[in-house]
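Here is the structure we will look at.
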Amino acid sequence: MSSTELPPLFDIPEDERGEAPSGHRRLGRHAAGVPDDGVVVERSVTVSVTVTEKFGPAFPPAPAAPAEAERTSAPPAPDAERPVRSEYPEPVEPDWREEPDWREEPFDDQGAAMALPVPAWAERLAVFDLETTGIDVETSRIVTANISLLDATGTAVSRLDWLADPGIDIPEQATAVHGITTEHARSAGRPAGEVVGEIVAELRRALEAGYAIVVYNAPYDITLLNREALRHGVPPLEAPSPVIDPLVIDKQVDRYRKGKRTLEVSAAHYGVELLDAHDAGADAIAAGRVAQAIAARFAAELDLSPTALHEAQAAWHDAQCDSFEDYMRRTKNPSFTSRRGWPETPRRT
């Protein structure tokens, strides 16, 4: 039987990540060729491939310290492109002195795209929540409050809780939500003016320390705190900033998701545990973790400075008011008007 000459291994095109397209093998073990007599002639092929590194190693090696004689010489020319043996890639030690440029998509040592880090504002947060006597920010009073500090993992590293005697009866509807009765608030709560003063002081201290304040549905809590401060003669926060409102951000980055956007629903959607809803501490910490989860999922869209994100949320909230107002006027009340202002609504005239 005569031998049949086999064709050379053919080039297989690669996609932009260096992967062979679906249906191809990069280097087949068998070369093509089936003789007329039906006997497959097989050959084993050992291939050594030299490629030019496109993106550079994930972590370039730290440069060796120059010899004393070299320190006074002219600086070396820029490195040329280095050939890399694909069979035995050399391990590369990270150079922690260099900061990565996150503006370009990073790649790992296998050429796969890596997840971008969360925006810097999400790495540490102050979180704030109130439980109150009602829903009207102009007349409702504070019953319980929480301010906590979260680290990058969402762990509460500091926590402050308050129980106030609001000075008025707590309606049964409010007690059904947060569990605090008028009798308990009167017997165990502290004077409302003292509590309000401490809350304002702690939030001011957090802002001065560079924390962003996370408040879920900020216009409610921030506005109600402002009215309580004015009621008790406490100098209020003046235009508090930066504020992070997961409700406003979630509506912006995932605007077409159906269903409610309460804290409980959003926490479940983003995989955040909330075991004791409507406890001020549980709600505040869950809101912070929801903010971090949104930041991780939408890192590119939310990679803003805290100040820029604060300003963006004010614009997003106004647009959301436009949309809701239009919906209400078309479907229920032709004269409906949204109450605007974020993170604090102006006083009613």
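Ligands are numbered from 1 in the order shown, chains are lettered A, B, ... in the order of the structure tokens, and residues start at 1 in each chain.
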
* Which polymer residues have any atom within 6 Å of an atom of range 116-131 of chain A, counting only C-alpha atoms, with same-chain residues fewer than 6 positions away left out, as a PyMOL selection string? -> chain A and resi 143-152+211-215+280+284+288+292+295-296+299+303+306

* Asked: Which residues come within 9 Å of Gly134 in chain A, counting only C-alpha atoms, excluding same-chain residues fewer than 6 positions away, as a ChimeraX atom specification?
  -> /A:140-141,170-171,173-174

Save the residues we just selected, C-alpha atoms, as a PDB file, in the first residue's frame?
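Written file, result11.pdb:
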```
ATOM      1  CA  SER A 140     -44.272  62.443  62.179  1.00  0.00           C
ATOM      2  CA  ARG A 141     -41.799  61.925  65.034  1.00  0.00           C
ATOM      3  CA  ILE A 170     -47.591  56.180  68.615  1.00  0.00           C
ATOM      4  CA  PRO A 171     -50.485  55.116  66.351  1.00  0.00           C
ATOM      5  CA  GLN A 173     -50.591  51.319  62.575  1.00  0.00           C
ATOM      6  CA  ALA A 174     -47.026  52.443  63.275  1.00  0.00           C
TER       7      ALA A 174
END
```

* Where does DSSP see alpha helix (DSSP H) in range 222-283 of chain A, if you list the residues as a PyMOL selection string? -> chain A and resi 222-231+246-253+263-269+280-283

* **Neighbour list for range 216-221 of chain A as a list in words, cut-off 7 Å, only C-alpha atoms, skip fewer than 4 positions in-chain** =>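 Everything that qualifies: Asp129, Leu130, Val137, Leu225, Asp245, Pro246, Leu247, Ala287, Trp342, Pro343, Glu344 and Thr345 of chain A.
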
Restrict the selected residues to C-alpha atoms and save them as an mmCIF file, in the first residue's frame.
```cif
data_model
loop_
_atom_site.group_PDB
_atom_site.id
_atom_site.type_symbol
_atom_site.label_atom_id
_atom_site.label_comp_id
_atom_site.auth_asym_id
_atom_site.auth_seq_id
_atom_site.Cartn_x
_atom_site.Cartn_y
_atom_site.Cartn_z
ATOM 1 C CA ASP A 129 -32.529 54.626 59.113
ATOM 2 C CA LEU A 130 -35.481 55.885 61.158
ATOM 3 C CA VAL A 137 -42.493 63.955 57.133
ATOM 4 C CA LEU A 225 -34.854 64.464 60.558
ATOM 5 C CA ASP A 245 -30.004 56.195 47.954
ATOM 6 C CA PRO A 246 -30.225 52.560 46.761
ATOM 7 C CA LEU A 247 -33.868 53.059 45.766
ATOM 8 C CA ALA A 287 -29.691 49.184 52.787
ATOM 9 C CA TRP A 342 -33.739 64.854 46.798
ATOM 10 C CA PRO A 343 -32.292 64.001 49.257
ATOM 11 C CA GLU A 344 -34.433 66.476 51.171
ATOM 12 C CA THR A 345 -37.779 67.937 50.161
#
```

* Can you work out which one of A:Leu275, A:Ala315, A:Ala267, A:Leu237 has the shortest atom-to-atom distance to Arg204 in chain A, counting only C-alpha atoms? =>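 Closest to Arg204 in chain A, using only C-alpha atoms: A:Leu237.
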